[in-house]
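As stored in data23.txt (compact mmCIF, C-alpha atoms):
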# COMPACT_ATOMS: atom_id res chain seq x y z
CA CYS A 235 10.62 26.16 34.42
CA SER A 236 6.85 25.76 34.20
CA GLU A 237 6.99 26.49 30.47
CA LEU A 238 9.67 23.84 30.02
CA TYR A 239 7.53 21.35 31.96
CA SER A 240 4.51 22.14 29.76
CA VAL A 241 6.53 21.58 26.58
CA SER A 242 7.93 18.33 27.97
CA ALA A 243 4.48 17.12 28.98
CA PHE A 244 3.09 18.01 25.56
CA GLY A 245 5.93 16.17 23.84
CA SER A 246 5.43 13.12 26.04
CA GLU A 247 1.70 13.10 25.28
CA ALA A 248 2.36 13.40 21.56
CA ALA A 249 4.83 10.51 21.69
CA HIS A 250 2.28 8.41 23.58
CA GLN A 251 -0.36 9.15 20.96
CA ARG A 252 2.02 8.14 18.16
CA THR A 253 2.78 4.88 19.97
CA GLU A 254 -0.91 4.17 20.46
CA ALA A 255 -1.67 4.97 16.82
CA SER A 256 1.12 2.67 15.70
CA ARG A 257 -0.19 -0.15 17.90
CA TRP A 258 -3.76 0.19 16.64
CA ASN A 259 -2.50 0.34 13.07
CA ALA A 260 -0.51 -2.87 13.60
CA GLU A 261 -3.59 -4.58 15.05
CA ARG A 262 -5.72 -3.45 12.11
CA ASN A 263 -3.12 -4.88 9.72
CA THR A 264 -3.11 -8.15 11.66
CA TRP A 265 -6.88 -8.55 11.33
CA ASP A 266 -6.61 -7.74 7.62
CA LEU A 267 -3.95 -10.43 7.19
CA LEU A 268 -6.02 -12.97 9.13
CA GLU A 269 -9.09 -12.38 6.98
CA ARG A 270 -7.15 -12.68 3.72
CA LEU A 271 -5.32 -15.89 4.61
CA SER A 272 -8.20 -17.62 6.43
CA LEU A 273 -10.48 -17.19 3.42
CA LEU A 274 -7.82 -18.56 1.07
CA ARG A 275 -7.07 -21.55 3.30
CA ARG A 276 -10.72 -22.32 3.93
CA GLN A 277 -11.36 -22.36 0.20
CA ALA A 278 -8.29 -24.54 -0.33
CA ASN A 279 -9.61 -27.01 2.27
CA ILE A 280 -12.98 -27.10 0.53
CA ASN A 281 -11.32 -27.73 -2.83
CA ALA A 282 -9.08 -30.45 -1.37
CA SER A 283 -12.11 -32.33 -0.05
CA SER A 284 -13.95 -32.12 -3.36
CA ASP A 285 -13.17 -34.81 -5.92
CA SER A 286 -14.64 -32.78 -8.74
CA ALA A 287 -12.48 -29.77 -7.94
CA SER A 288 -9.40 -32.01 -7.85
CA THR A 289 -10.25 -33.56 -11.20
CA GLN A 290 -10.87 -30.16 -12.75
CA SER A 291 -7.52 -28.90 -11.50
CA GLU A 292 -5.70 -31.90 -12.98
CA ASP A 293 -7.47 -31.43 -16.29
CA MET A 294 -6.49 -27.75 -16.39
CA GLN A 295 -2.84 -28.58 -15.63
CA THR A 296 -2.86 -31.15 -18.42
CA VAL A 297 -4.25 -28.58 -20.86
CA CYS A 298 -1.60 -26.06 -19.76
CA ALA A 299 1.16 -28.62 -20.23
CA LEU A 300 0.05 -29.97 -23.60
CA ALA A 301 -1.54 -27.05 -25.40
CA ALA A 302 0.19 -23.91 -26.59
CA THR A 303 -0.78 -21.10 -24.30
CA THR A 304 0.25 -17.64 -23.17
CA ASP A 305 2.52 -16.68 -20.29
CA TYR A 306 -0.41 -15.09 -18.47
CA ALA A 307 -2.54 -18.24 -18.76
CA CYS A 308 0.31 -20.43 -17.47
CA VAL A 309 0.87 -18.21 -14.45
CA GLN A 310 -2.86 -17.90 -13.84
CA GLU A 311 -3.22 -21.67 -13.75
CA LEU A 312 -0.14 -21.97 -11.52
CA VAL A 313 -1.62 -19.60 -8.92
CA ALA A 314 -4.99 -21.36 -9.12
CA SER A 315 -3.49 -24.82 -8.59
CA ASP A 316 -0.71 -23.99 -6.10
CA ALA A 317 -2.28 -23.04 -2.75
CA LEU A 318 1.04 -21.95 -1.25
CA LEU A 319 1.86 -19.65 -4.14
CA ALA A 320 -1.63 -18.13 -3.90
CA GLU A 321 -0.89 -17.40 -0.23
CA TYR A 322 2.45 -15.80 -1.10
CA VAL A 323 0.75 -13.57 -3.67
CA GLU A 324 -1.82 -12.56 -1.04
CA VAL A 325 0.91 -11.86 1.53
CA ARG A 326 2.66 -9.63 -1.00
CA ARG A 327 -0.59 -7.77 -1.65
CA TRP A 328 -1.08 -7.37 2.10
CA LEU A 329 2.42 -5.96 2.53
CA GLU A 330 1.77 -3.57 -0.34
CA ASP A 331 -1.65 -2.45 0.87
CA THR A 332 -0.47 -1.86 4.45
CA ALA A 333 2.72 0.03 3.57
CA PRO A 334 2.77 3.51 5.14
CA GLU A 335 1.83 6.52 3.06
CA PHE A 336 4.57 8.55 1.40
CA GLN A 337 4.83 11.91 -0.34
CA PRO A 338 5.30 11.39 -4.10
CA VAL A 339 7.33 13.82 -6.15
CA GLU A 340 5.33 16.40 -8.07
CA THR A 341 4.74 15.99 -11.79
CA ARG A 342 7.04 18.22 -13.82
CA LYS A 343 6.68 18.85 -17.52
CA GLY A 344 9.71 19.52 -19.65
CA TYR A 345 12.25 16.74 -20.01
CA ARG A 346 15.52 17.80 -18.30
CA PHE A 347 14.71 21.45 -18.88
CA TYR A 348 17.71 22.93 -17.06
CA THR A 349 20.19 20.49 -18.57
CA ARG A 350 18.94 21.27 -22.06
CA ARG A 351 19.31 24.96 -21.35
CA CYS A 352 22.92 24.39 -20.25
CA THR A 353 23.78 22.39 -23.34
CA GLY A 354 22.13 24.91 -25.63
CA GLU A 355 18.89 24.87 -27.56
CA HIS A 356 18.27 21.84 -29.80
CA GLY A 357 21.02 19.82 -28.08
CA MET A 358 23.97 22.05 -29.12
CA ARG A 359 27.14 21.42 -27.16
CA ALA A 360 27.94 23.75 -24.30
CA SER A 361 31.29 25.29 -23.68
CA SER A 362 33.88 22.86 -22.31
CA ASP A 363 34.48 25.12 -19.30
CA ALA A 364 31.98 26.69 -16.92
CA PRO A 365 32.22 30.34 -15.81
CA GLY A 366 35.26 30.98 -13.61
CA GLY A 367 37.44 28.47 -15.41
CA LYS A 368 36.02 25.46 -13.56
CA PRO A 369 35.55 22.24 -15.54
CA ASN A 370 32.01 21.84 -16.85
CA ARG A 371 30.61 18.54 -15.57
CA ILE A 372 27.22 18.96 -17.28
CA VAL A 373 26.39 16.41 -19.97
CA THR A 374 26.64 17.65 -23.52
CA GLU A 375 23.76 15.45 -24.73
CA THR A 376 20.34 14.92 -23.21
CA ASP A 377 19.32 11.37 -24.09
CA PRO A 378 18.46 9.12 -21.11
CA ASP A 379 21.85 7.36 -21.15
CA ALA A 380 23.98 10.49 -21.53
CA ALA A 381 24.98 10.79 -17.87
CA SER A 382 26.16 7.17 -17.54
CA ARG A 383 27.78 7.14 -20.98
CA GLN A 384 29.69 10.41 -20.57
CA ARG A 385 30.29 10.02 -16.83
CA ARG A 386 28.95 13.51 -16.37
CA GLU A 387 26.10 15.08 -14.44
CA LEU A 388 22.71 16.62 -15.08
CA ALA A 389 22.04 20.22 -14.12
CA HIS A 390 21.53 20.47 -10.36
CA ALA A 391 17.76 21.12 -10.52
CA ASP A 392 17.25 18.22 -12.94
CA ALA A 393 19.42 15.89 -10.85
CA GLU A 394 17.38 16.70 -7.75
CA TYR A 395 14.10 16.06 -9.54
CA GLU A 396 15.44 12.84 -11.09
CA ALA A 397 16.42 11.53 -7.64
CA GLY A 398 12.97 12.34 -6.24
CA LEU A 399 11.28 10.76 -9.27
CA LEU A 400 13.25 7.53 -8.95
CA ARG A 401 12.50 7.33 -5.22
CA THR A 402 8.79 7.83 -5.93
CA LEU A 403 8.77 5.17 -8.66
CA TYR A 404 10.33 2.66 -6.29
CA GLU A 405 7.85 3.53 -3.54
CA TYR A 406 4.98 3.02 -6.00
CA VAL A 407 6.30 -0.42 -6.97
CA ARG A 408 6.83 -1.27 -3.29
CA ARG A 409 3.09 -0.60 -2.81
CA GLY A 410 2.03 -2.59 -5.86
CA ARG A 411 1.03 0.56 -7.74
CA VAL A 412 2.95 -0.09 -10.95
CA GLY A 413 0.26 1.71 -12.96
CA ASN A 414 0.84 4.89 -10.96
CA ALA A 415 4.57 4.59 -11.62
CA MET A 416 4.04 4.36 -15.37
CA ASP A 417 1.59 7.27 -15.32
CA LEU A 418 4.07 9.45 -13.43
CA CYS A 419 6.78 8.68 -15.97
CA ALA A 420 4.51 9.60 -18.88
CA GLU A 421 3.27 12.78 -17.17
CA SER A 422 6.86 13.83 -16.41
CA ASP A 423 7.86 13.50 -20.07
CA GLU A 424 9.79 10.26 -19.58
CA PRO A 425 7.68 7.82 -21.60
CA TRP A 426 10.73 5.66 -22.27
CA ARG A 427 10.96 4.88 -18.55
CA ALA A 428 7.26 4.01 -18.47
CA ALA A 429 7.91 1.55 -21.31
CA SER A 430 10.83 0.02 -19.41
CA ILE A 431 8.58 -0.60 -16.40
CA LYS A 432 5.76 -1.96 -18.57
CA GLY A 433 8.07 -4.68 -19.90
CA GLY A 434 7.15 -6.84 -16.92
CA LEU A 435 3.56 -7.41 -18.07
CA LEU A 436 2.90 -11.05 -18.93
CA TRP A 437 2.25 -11.82 -22.58
CA ARG A 438 -1.43 -12.34 -23.39
CA ASP A 439 -3.46 -13.26 -26.44
CA PRO A 440 -7.28 -13.27 -26.19
CA GLN A 441 -7.47 -15.91 -28.91
CA LEU A 442 -5.59 -18.40 -26.72
CA GLU A 443 -7.10 -17.66 -23.31
CA PRO A 444 -10.34 -18.96 -21.81
CA ASP A 445 -12.71 -16.39 -20.37
CA GLY A 446 -12.64 -15.75 -16.63
CA GLY A 447 -10.32 -17.41 -14.19
CA MET A 448 -8.31 -16.32 -11.18
CA ALA A 449 -6.46 -13.02 -11.26
CA VAL A 450 -2.68 -13.24 -11.08
CA ASP A 451 -2.46 -9.79 -9.56
CA SER A 452 -4.27 -6.49 -9.55
CA ASP A 453 -3.59 -2.79 -9.79
CA GLU A 454 -5.62 0.12 -8.53
CA ASN A 455 -6.00 1.40 -12.09
CA GLY A 456 -8.07 -1.64 -13.02
CA PRO A 457 -8.15 -5.42 -12.70
CA ALA A 458 -5.10 -7.08 -14.20
CA ASP A 459 -7.16 -10.09 -15.33
CA MET A 460 -9.40 -8.05 -17.66
CA GLN A 461 -8.99 -9.73 -21.02
CA PRO A 462 -7.45 -7.37 -23.61
CA ALA A 463 -8.97 -6.88 -27.04
CA HIS A 464 -5.60 -7.57 -28.69
CA THR A 465 -2.31 -9.18 -27.78
CA ALA A 466 -0.63 -7.46 -24.84
CA GLY A 467 2.35 -7.83 -22.55
CA ASN A 468 5.95 -8.76 -23.25
CA VAL A 469 6.64 -11.85 -25.28
CA ASN A 470 10.30 -11.69 -24.22
CA ARG A 471 9.79 -11.05 -20.52
CA ARG A 472 12.80 -13.15 -19.56
CA LEU A 473 15.09 -10.97 -21.67
CA TRP A 474 13.53 -7.88 -20.06
CA LYS A 475 14.23 -9.30 -16.59
CA HIS A 476 17.88 -9.82 -17.45
CA ALA A 477 18.10 -6.26 -18.77
CA CYS A 478 16.55 -4.98 -15.51
CA ALA A 479 19.05 -7.01 -13.52
CA ALA A 480 21.92 -5.54 -15.55
CA LEU A 481 20.64 -2.02 -14.94
CA ALA A 482 20.28 -2.73 -11.22
CA HIS A 483 23.77 -4.25 -11.13
CA ASP A 484 25.37 -1.06 -12.50
CA GLU A 485 26.85 0.79 -9.50
CA GLY A 486 26.91 4.03 -11.45
CA ASN A 487 23.13 4.34 -11.31
CA ASP A 488 21.09 5.98 -8.54
CA SER A 489 20.42 3.64 -5.60
CA TYR A 490 16.64 3.90 -6.01
CA GLU A 491 16.85 3.37 -9.76
CA ARG A 492 18.77 0.19 -9.06
CA ALA A 493 16.24 -0.83 -6.41
CA LEU A 494 13.35 -0.07 -8.79
CA TYR A 495 14.53 -2.39 -11.54
CA ALA A 496 15.75 -5.00 -9.06
CA ALA A 497 12.28 -5.13 -7.50
CA LEU A 498 10.61 -5.40 -10.91
CA SER A 499 12.83 -8.34 -11.85
CA GLY A 500 12.68 -10.07 -8.46
CA ARG A 501 16.30 -9.36 -7.56
CA LEU A 502 17.29 -8.82 -3.91
CA ASP A 503 20.81 -7.38 -4.03
CA GLU A 504 19.80 -3.79 -4.74
CA VAL A 505 16.42 -3.79 -2.94
CA VAL A 506 17.62 -4.89 0.50
CA PRO A 507 19.93 -1.85 1.02
CA VAL A 508 16.99 0.58 0.67
CA CYS A 509 14.60 -1.39 2.91
CA GLU A 510 13.85 0.78 5.94
CA SER A 511 11.65 -1.62 7.89
CA TRP A 512 11.07 -5.29 8.58
CA ALA A 513 7.97 -5.19 6.37
CA ASP A 514 10.01 -3.75 3.48
CA ALA A 515 12.53 -6.56 3.78
CA VAL A 516 9.87 -9.27 3.95
CA TRP A 517 8.15 -7.77 0.89
CA ALA A 518 11.43 -7.81 -1.06
CA HIS A 519 12.02 -11.50 -0.29
CA VAL A 520 8.41 -12.55 -0.97
CA ASN A 521 8.45 -10.61 -4.23
CA SER A 522 11.67 -12.36 -5.25
CA MET A 523 10.26 -15.77 -4.35
CA ILE A 524 7.11 -15.18 -6.41
CA GLU A 525 9.07 -13.91 -9.41
CA THR A 526 11.29 -17.00 -9.30
CA ARG A 527 8.29 -19.31 -9.36
CA ILE A 528 6.61 -17.35 -12.13
CA GLU A 529 9.76 -17.41 -14.24
CA SER A 530 10.08 -21.16 -13.74
CA SER A 531 6.45 -21.65 -14.77
CA ILE A 532 6.89 -19.62 -17.94
CA CYS A 533 10.09 -21.45 -18.88
CA ASP A 534 8.57 -24.89 -18.27
CA GLY A 535 5.29 -24.17 -20.07
CA SER A 536 4.59 -24.80 -23.72
CA GLN A 537 5.39 -21.67 -25.72
CA LEU A 538 4.48 -20.42 -29.17
CA TYR A 539 7.75 -18.55 -29.63
CA THR A 540 11.47 -18.95 -29.10
CA ALA A 541 12.76 -16.80 -26.24
CA ALA A 542 15.57 -14.38 -27.00
CA PRO A 543 19.04 -15.54 -25.89
CA THR A 544 20.30 -14.21 -22.55
CA GLN A 545 23.82 -15.66 -22.40
CA SER A 546 25.37 -12.18 -22.38
CA PHE A 547 23.86 -11.57 -18.93
CA GLY A 548 25.45 -14.64 -17.37
CA HIS A 549 27.92 -12.58 -15.33
CA ILE A 550 25.13 -10.96 -13.30
CA GLN A 551 24.73 -13.20 -10.29
CA SER A 552 22.95 -12.59 -6.99
CA ARG A 553 24.79 -12.98 -3.70
CA TYR A 554 21.53 -13.85 -1.94
CA PRO A 555 20.58 -17.54 -1.86
CA PRO A 556 17.08 -18.30 -3.16
CA VAL A 557 14.30 -18.79 -0.61
CA ASP A 558 11.54 -21.35 -1.06
CA ASN A 559 9.08 -20.66 1.76
CA MET A 560 8.04 -18.09 4.33
CA GLN A 561 9.96 -19.76 7.17
CA GLN A 562 13.16 -19.18 5.21
CA VAL A 563 12.14 -15.59 4.46
CA PHE A 564 11.64 -14.78 8.14
CA GLY A 565 14.88 -16.57 9.03
CA VAL A 566 16.91 -14.58 6.50
CA VAL A 567 15.36 -11.28 7.57
CA ALA A 568 15.89 -12.10 11.26
CA SER A 569 19.59 -12.77 10.65
CA HIS A 570 20.14 -9.30 9.15
CA ASP A 571 22.11 -6.82 11.24
CA SER A 572 19.65 -3.92 10.82
CA ASP A 573 18.61 -2.55 14.23
CA ALA A 574 15.34 -1.20 12.78
CA TRP A 575 14.39 -4.62 11.39
CA GLN A 576 15.25 -6.37 14.65
CA THR A 577 13.24 -3.91 16.74
CA GLU A 578 10.17 -4.27 14.54
CA ALA A 579 10.50 -8.06 14.38
CA ARG A 580 10.41 -8.27 18.19
CA GLU A 581 7.01 -6.57 18.39
CA PRO A 582 4.40 -9.01 19.78
CA LEU A 583 1.97 -8.47 16.90
CA CYS A 584 4.79 -9.05 14.43
CA TRP A 585 5.34 -12.50 15.94
CA LEU A 586 1.63 -13.18 15.61
CA GLN A 587 1.67 -12.05 11.97
CA GLN A 588 4.54 -14.43 11.24
CA ALA A 589 2.60 -17.29 12.81
CA LEU A 590 -0.44 -16.51 10.65
CA ILE A 591 1.64 -16.27 7.47
CA THR A 592 3.49 -19.54 8.10
CA ASP A 593 0.24 -21.28 9.13
CA SER A 594 1.76 -22.10 12.53
CA PHE A 595 -0.79 -20.40 14.76
CA PRO A 596 -1.59 -23.66 16.67
CA ALA A 597 2.08 -23.90 17.72
CA TYR A 598 2.08 -20.18 18.52
CA LEU A 599 -1.03 -20.64 20.68
CA ASP A 600 0.59 -23.53 22.56
CA ASP A 601 3.70 -21.47 23.25
CA TYR A 602 1.69 -18.42 24.25
CA ALA A 603 -0.43 -20.45 26.68
CA ARG A 604 2.73 -21.83 28.32
CA ARG A 605 4.22 -18.35 28.66
CA LEU A 606 1.10 -17.07 30.44
CA GLY A 607 1.98 -19.21 33.43
CA PRO A 608 0.33 -19.10 36.85
CA SER A 609 1.11 -15.43 37.41
CA GLY A 610 -1.62 -14.36 35.00
CA VAL A 611 -1.55 -11.33 32.70
CA ASP A 612 -0.23 -7.87 33.47
CA ASP A 613 -1.58 -4.64 32.03
CA GLY A 614 1.13 -4.51 29.37
CA SER A 615 0.24 -7.89 27.82
CA SER A 616 -3.55 -7.81 28.18
CA GLU A 617 -3.93 -6.17 24.77
CA LEU A 618 -2.01 -8.97 23.06
CA LEU A 619 -4.07 -11.53 25.00
CA ARG A 620 -7.25 -9.89 23.70
CA VAL A 621 -6.03 -10.19 20.10
CA VAL A 622 -4.82 -13.80 20.48
CA VAL A 623 -8.11 -14.89 22.06
CA HIS A 624 -10.20 -13.38 19.29
CA VAL A 625 -7.94 -14.82 16.58
CA ALA A 626 -8.42 -18.25 18.16
CA LEU A 627 -12.19 -17.82 18.39
CA TYR A 628 -12.35 -16.64 14.77
CA LEU A 629 -10.33 -19.60 13.46
CA ARG A 630 -12.31 -22.06 15.56
CA GLN A 631 -15.53 -20.62 14.15
CA LEU A 632 -14.15 -21.37 10.68
CA GLU A 633 -13.40 -24.96 11.80
CA PHE A 634 -9.61 -24.70 11.75
CA ALA A 635 -7.94 -27.18 14.11
CA LEU A 636 -6.54 -25.58 17.29
CA PRO A 637 -5.07 -27.16 20.45
CA ALA A 638 -8.00 -27.38 22.86
CA ASP A 639 -5.95 -27.08 26.07
CA ALA A 640 -4.08 -23.99 24.91
CA ALA A 641 -7.29 -22.35 23.69
CA ARG A 642 -8.88 -23.00 27.08
CA VAL A 643 -5.89 -21.53 28.97
CA VAL A 644 -5.84 -18.26 27.03
CA LEU A 645 -9.63 -17.92 27.15
CA GLU A 646 -9.68 -18.44 30.92
CA ALA A 647 -6.90 -15.86 31.29
CA TYR A 648 -8.89 -13.39 29.22
CA ILE A 649 -12.04 -14.00 31.28
CA ASP A 650 -9.98 -13.23 34.41
CA VAL A 651 -8.93 -9.93 32.83
CA LEU A 652 -12.53 -9.11 31.95
CA ALA A 653 -13.63 -9.95 35.49
CA GLN A 654 -11.38 -7.18 36.75
CA ASN A 655 -12.12 -4.45 34.24
CA HIS A 656 -15.20 -5.35 32.16
CA ARG A 657 -17.41 -7.60 34.27
CA GLU A 658 -20.37 -7.07 31.96
CA LEU A 659 -18.56 -8.99 29.18
CA VAL A 660 -17.71 -12.15 31.12
CA ALA A 661 -21.00 -13.89 30.34
CA ALA A 662 -20.40 -13.42 26.62
CA TYR A 663 -17.10 -15.38 26.67
CA VAL A 664 -17.82 -18.16 29.17
CA PRO A 665 -19.88 -20.15 26.58
CA TYR A 666 -16.74 -20.54 24.45
CA LEU A 667 -15.10 -22.63 27.19
CA PRO A 668 -15.54 -26.42 27.13
CA VAL A 669 -19.00 -27.40 28.39
CA GLU A 670 -17.63 -29.04 31.53
CA ALA A 671 -15.76 -25.85 32.51
CA GLN A 672 -18.45 -23.26 31.85
CA THR A 673 -20.44 -23.65 35.07
CA GLU A 674 -17.36 -23.70 37.28
CA ALA A 675 -15.82 -20.65 35.58
CA TYR A 676 -18.96 -18.55 35.88
CA ALA A 677 -19.61 -19.66 39.46
CA GLN A 678 -16.07 -18.64 40.37
CA PHE A 679 -16.64 -15.27 38.73
CA LEU A 680 -19.89 -14.71 40.67
CA SER A 681 -18.26 -15.67 43.94
CA GLN A 682 -15.55 -13.09 43.35
CA GLN A 683 -18.14 -10.42 42.81
CA GLN A 684 -19.72 -10.87 46.24
CA GLY A 685 -18.74 -7.99 48.42
CA THR A 686 -17.84 -5.77 45.44
CA ARG A 687 -21.31 -4.30 45.18
Show me the file's structure as structure tokens.
Amino acid sequence: CSELYSVSAFGSEAAHQRTEASRWNAERNTWDLLERLSLLRRQANINASSDSASTQSEDMQTVCALAATTDYACVQELVASDALLAEYVEVRRWLEDTAPEFQPVETRKGYRFYTRRCTGEHGMRASSDAPGGKPNRIVTETDPDAASRQRRELAHADAEYEAGLLRTLYEYVRRGRVGNAMDLCAESDEPWRAASIKGGLLWRDPQLEPDGGMAVDSDENGPADMQPAHTAGNVNRRLWKHACAALAHDEGNDSYERALYAALSGRLDEVVPVCESWADAVWAHVNSMIETRIESSICDGSQLYTAAPTQSFGHIQSRYPPVDNMQQVFGVVASHDSDAWQTEAREPLCWLQQALITDSFPAYLDDYARRLGPSGVDDGSSELLRVVVHVALYLRQLEFALPADAARVVLEAYIDVLAQNHRELVAAYVPYLPVEAQTEAYAQFLSQQQGTR
């Protein structure tokens, strides 16, 4: 019995440590999000108040509209001139950077080694029947489309590796590591798949692009805005996106292969089913929203080429309505019937993250101050109070407008908490109260300390 109690106690302690680690990780991600968005918004406010910056932006948009330019330059200017889109791109980066670690599949040389051995050396056809008289379901050819074309299977070992590879490629794309995905394909002797992923790169021509500018996106293998020595990217990116959508739409393909190409093309239908968390779902919707805006910018911009026709892909429609802003994204995700998403979305820090992303922290602060009420703060909510207070102080330091009454309520509540557990810190927070309340608050604190010595 004592041994059972020891095991139970150990398991309970381990579960508590995991919960604590998860909470600290969520708080770290919240501070990361706050820093990213506050810097963007502060710069946007500075630009909005500067006549010269406004004039320069208008001039750049005029140049983009009138002069022939590349897809990359059009999108670059769009992100630089559209503050909301710049925020969406940063939110997507945040969701990618804060995604949990995963175990990638190992690199394996030898393209479909076991399948080629079954079909015979140099692609010779295998016997129509397997040993024992059972029908042979192994493909008789080894090109990438053989399995879907023949409605047959790869050798078991190859099929297992292919499933792990596709899952890893999707997880790389989910984390914004497209370069790693292409490298894995090349190292696993599937360069054709690397080329299919690379088709999403925006078309660039150094002869038509000004030096410098704002990066559209980045990859850990190097900055995406580094100007190439020669033309690069896909001049028919729209056709590539339709081909990706068609591949994702094919129910005969692996679920993660469908999700991979759906994510690359900004399609939701095949990505949502593989989303395991609220953050995954939000990333999928933000990614789709960004891709829609980018595609619209490329189509509306002045082009030096005629795009390839895509009428043959007209039957591939999405059942998900398009979303235009983060409020809609959170609404759509909240209406989903996934228990895992709902549980994660109800976490206090998740609500705070949504308020930061939608730029509604003042309303959040008002609501939070009302919910504090006269009963004060219990031990379970003091950690959230600590975070909310410091977010408010940080934003006020950066001169963002916050409701004064709500800020005072939460700060006074936090000072009360400190007076109980960390008396030495009270004097550091009292100066952040309104001037007329500072003396009274500190005098009340000192009066409470009499008799505690």
Give me the residues of range 609-643 of chain A that have any atom at most 12 Å from an atom of range 567-583 of chain A; for each, the nearest atom pair and the distance in Å, rounded to one decimal. Use all atoms listed in the file, sort by chain and number, and format it as a Markdown table.
| residue | atom | partner | partner_atom | distance |
| --- | --- | --- | --- | --- |
| A:Gly614 | CA | A:Pro582 | CA | 11.1 |
| A:Ser615 | CA | A:Pro582 | CA | 9.1 |
| A:Ser616 | CA | A:Pro582 | CA | 11.6 |
| A:Glu617 | CA | A:Leu583 | CA | 10.1 |
| A:Leu618 | CA | A:Pro582 | CA | 7.2 |
| A:Leu619 | CA | A:Pro582 | CA | 10.3 |
| A:Arg620 | CA | A:Leu583 | CA | 11.5 |
| A:Val621 | CA | A:Leu583 | CA | 8.8 |
| A:Val622 | CA | A:Leu583 | CA | 9.3 |
| A:Val625 | CA | A:Leu583 | CA | 11.8 |
query = Could you pull the residues within 9 Å of range 391-397 of chain A, counting all atoms listed in the file, minus those fewer than 2 positions along the same chain, as a VMD selection string?
reply = chain A and resid 339 to 340 342 345 to 349 387 to 389 399 to 402 488 490 to 491
Gap from CA of Arg262 in chain A to CA of Pro665 in chain A - Å, one decimal = 26.2 Å
ask   = Distance CA of Val505 in chain A-CA of Ala482 in chain A, one decimal place?
value = 9.2 Å
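Counting all atoms listed in the file and comparing A:Trp265, A:Tyr306, A:Trp512, A:Trp258, the residue that lies closest to Val469 in chain A is A:Tyr306.
Atom to atom, CA of Asp379 in chain A and CA of Val508 in chain A stand 23.4 Å apart.
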